Structure formats: structure tokens, C-alpha cells
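**Student:** One structure, as C-alpha cells, below. Some questions next.
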Amino acid sequence: MKEQQFAVKRIHIIGSIGSGKTTLARKLSKQYGLPHYELDNVVWIRSDKGDIKRTEEERDAVLSDILIRKSWIIEGAHHKWVAPSFQRADVIIFLDTRLSTRRFRIIKRFIKQKFKVEKVNYRPTFKVLKFLYQYNTIFDNTSKQEIMAMLVPFESKLIILNSSNDMPSLLKPDVTEKNVNN
């Protein structure tokens, strides 16, 4: 890929669990003053008594509310229902990190969460760890191909990275509007 800079206000970051999506989104959010939204928080209503899954209609409405804003960074592994986000994004970043890297990060994150060093939106149980570990294999075997097929119409604004550390030099936010959150 030739070095290209994108003027951006809307970024969609997609990749598997442990690929570095949240880390990259937080970095770009801080660097460019863009609000950051996690797709898991679009799907789930967070509660002290336990998370409640939104209906598809509620989920789609929450996503629509984000998409009408002038600027945002949306990140998550979800792909089957996020086509409107791909359409509206100025740039789509697909983090295609190695399975071994993602597995290491999942285990590292799990340990940090168990010792309450890292904030978590779910209860870090061994059952959850097993699911996250298995999901990564499913992602490589199925979801990745589905995502790449979905992204074909958006090739002109697609960036595929093997590491979340490769990103910042490619983006040049539109400086005509500073921190346009709504």
C-alpha cells in the first residue's frame, strides 16, 4: 500500500478480539479529539446487576444516533449489522493481527482483569476466557472472510494493518473543525 493520508472525522476500526482495536481507538481519540464508541456498548446496556442485551431495533437505533454525529471512532469485532457505519466512515481500519498475538493478549488481559488491574465490562471467568479464545479461531476461519467481502465496496477508504502501532502517520484529521463531537 502506498503512503496515503486521509482527512478524517469518522473512523471505523474492526478486527478480532485482542487485535488492538480498543488500544488504537483510544490512541486516535486522544490524539485527534474524536469521541470513541465501543460496539459492545452498543449491543449491551451496562448495569451493576448484569448486562442486558438490546434488541436489534434498539441496537440499530443506538448505532444510528452515533452515526449522525459529525465525528466518531467506532470499534469492535461486530460486522454483520454495521454496514451503515462502514458507509459513513471516512476511513475503515481492519486490524489483521496474528492469531498467536491475539491469543497472548487475551490471556494477558484476562490475568489483568482477574487481579483488577484492568477495567472490564463483563465478569472475567474461565468460561469467558475459553469463549474468547475459541472465537479467535472462528474469526480467522469464517468472520475474516465475511468482513473482507463486506469491505470490497469500501476499498478506497480501507486500511489493513498487521499492528495497531502502524496507524498514526496515515491519518491527518480535517483541521477545519477542531473536536467536532456533535
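How things are named: the first chain in the C-alpha cells is A, the next is B, and so on; residues count from 1 in each chain; ligands count from 1 in the order shown.
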Write out as a PyMOL selection string all residues of range 51-153 of chain A that backbone DSSP assigns to strand (DSSP E or B).

**Tutor:** chain A and resi 52-53+72-76+91-95

**Student:** Find the residues near Arg10 in chain A: any atom within 6 Å, counting only C-alpha atoms, skip ones fewer than 5 places away on the same chain, and give them as JSON, numbers by chain.

**Tutor:** {"A": [71, 72, 73, 89, 90]}

**Student:** Store the residues of this selection in a file with C-alpha atoms, as an mmCIF file, in the first residue's frame.

**Tutor:**
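In the end it all went to out05.cif:
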```cif
data_model
loop_
_atom_site.group_PDB
_atom_site.id
_atom_site.type_symbol
_atom_site.label_atom_id
_atom_site.label_comp_id
_atom_site.auth_asym_id
_atom_site.auth_seq_id
_atom_site.Cartn_x
_atom_site.Cartn_y
_atom_site.Cartn_z
ATOM 1 C CA SER A 71 -17.150 12.835 14.249
ATOM 2 C CA TRP A 72 -16.542 9.471 15.880
ATOM 3 C CA ILE A 73 -14.349 6.444 16.242
ATOM 4 C CA ALA A 89 -16.840 6.216 7.820
ATOM 5 C CA ASP A 90 -14.133 8.340 6.222
#
```

**Student:** DSSP says alpha helix (DSSP H) for which residues of range 101-143 of chain A? Put them as a PyMOL selection string?

**Tutor:** chain A and resi 101-114+126-138

**Student:** His12 in chain A: which residues within 8 Å, counting only C-alpha atoms, same-chain residues fewer than 3 positions away excluded, as a list in words?

**Tutor:** Ile73, Ile74, Glu75, Ser85, Phe86, Ala89, Val91, Ile92 and Ile93 of chain A

**Student:** Closest to Arg98 in chain A among A:Asn121, A:Asn162, A:Thr22, A:Ser156, using only C-alpha atoms?

**Tutor:**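 Result for the nearest residue to Arg98 in chain A: A:Asn162.
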
**Student:** So, counting only C-alpha atoms, which residue among A:Tyr37, A:Arg69, A:Val62, A:Ile17 is closest to Tyr135 in chain A?

**Tutor:**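 Among the listed residues, A:Ile17 lies closest to Tyr135 in chain A.
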
**Student:** For Asn141 in chain A, which of A:Leu99, A:Ala83, A:Ile106, A:Ile66 is the closest residue, counting only C-alpha atoms?

**Tutor:**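 Going through A:Leu99, A:Ala83, A:Ile106, A:Ile66 one by one, the smallest distance to Asn141 in chain A is for A:Leu99.
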
**Student:** With distances taken over only C-alpha atoms, which of A:Val117, A:Ala61, A:Ala7, A:Leu95 is nearest to Ile160 in chain A?

**Tutor:**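 Going through A:Val117, A:Ala61, A:Ala7, A:Leu95 one by one, the smallest distance to Ile160 in chain A is for A:Leu95.
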
**Student:** With a distance cut-off of 12 Å and only C-alpha atoms, select the neighbouring residues of Met150 in chain A, excluding the residue or stretch itself and same-chain residues fewer than 4 positions from it, and output the selection as a tab-separated table (two decimals) with C-alpha atoms, in the first residue's frame.

**Tutor:**
```
chain	number	residue	atom	x	y	z
A	14	ILE	CA	-12.66	-3.66	13.06
A	79	HIS	CA	-19.63	-6.95	11.43
A	80	LYS	CA	-22.99	-8.40	10.38
A	81	TRP	CA	-25.02	-5.31	11.33
A	82	VAL	CA	-22.52	-2.43	10.98
A	83	ALA	CA	-22.71	-1.77	7.22
A	84	PRO	CA	-24.15	1.74	7.85
A	85	SER	CA	-21.00	2.55	9.83
A	86	PHE	CA	-18.77	1.32	7.01
A	87	GLN	CA	-20.74	3.52	4.58
A	92	ILE	CA	-12.09	1.86	7.84
A	94	PHE	CA	-9.07	-3.58	9.63
A	143	SER	CA	-15.63	-13.92	10.12
A	144	LYS	CA	-12.49	-12.55	8.48
A	145	GLN	CA	-13.65	-13.69	5.03
A	146	GLU	CA	-17.14	-12.26	5.65
A	154	PHE	CA	-15.16	0.45	0.52
A	155	GLU	CA	-11.64	-0.38	-0.75
A	158	LEU	CA	-9.84	0.74	3.73
```

**Student:** A:Thr55, A:Gln134, A:Ser47, A:Arg88: which is nearest Lys157 in chain A, counting only C-alpha atoms?

**Tutor:**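 Looking only at the distances to Lys157 in chain A, the closest residue turns out to be A:Arg88.
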
**Student:** Can you work out the spacing between CA of Ile111 in chain A and CA of Leu129 in chain A in Å, to one decimal?

**Tutor:**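 Interatomic distance here is 10.1 Å.
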
**Student:** Return the single residue from A:Asp65, A:Glu57, A:Asp48, A:Asp96 that is closest to Asn136 in chain A, with distances computed using only C-alpha atoms.

**Tutor:**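 Of A:Asp65, A:Glu57, A:Asp48, A:Asp96, the one nearest Asn136 in chain A, counting only C-alpha atoms, is A:Asp96.
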
**Student:** In Å, with one decimal, what is the gap from CA of Phe139 in chain A to CA of Arg109 in chain A?

**Tutor:**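 Between these atoms lies a distance of 18.6 Å.
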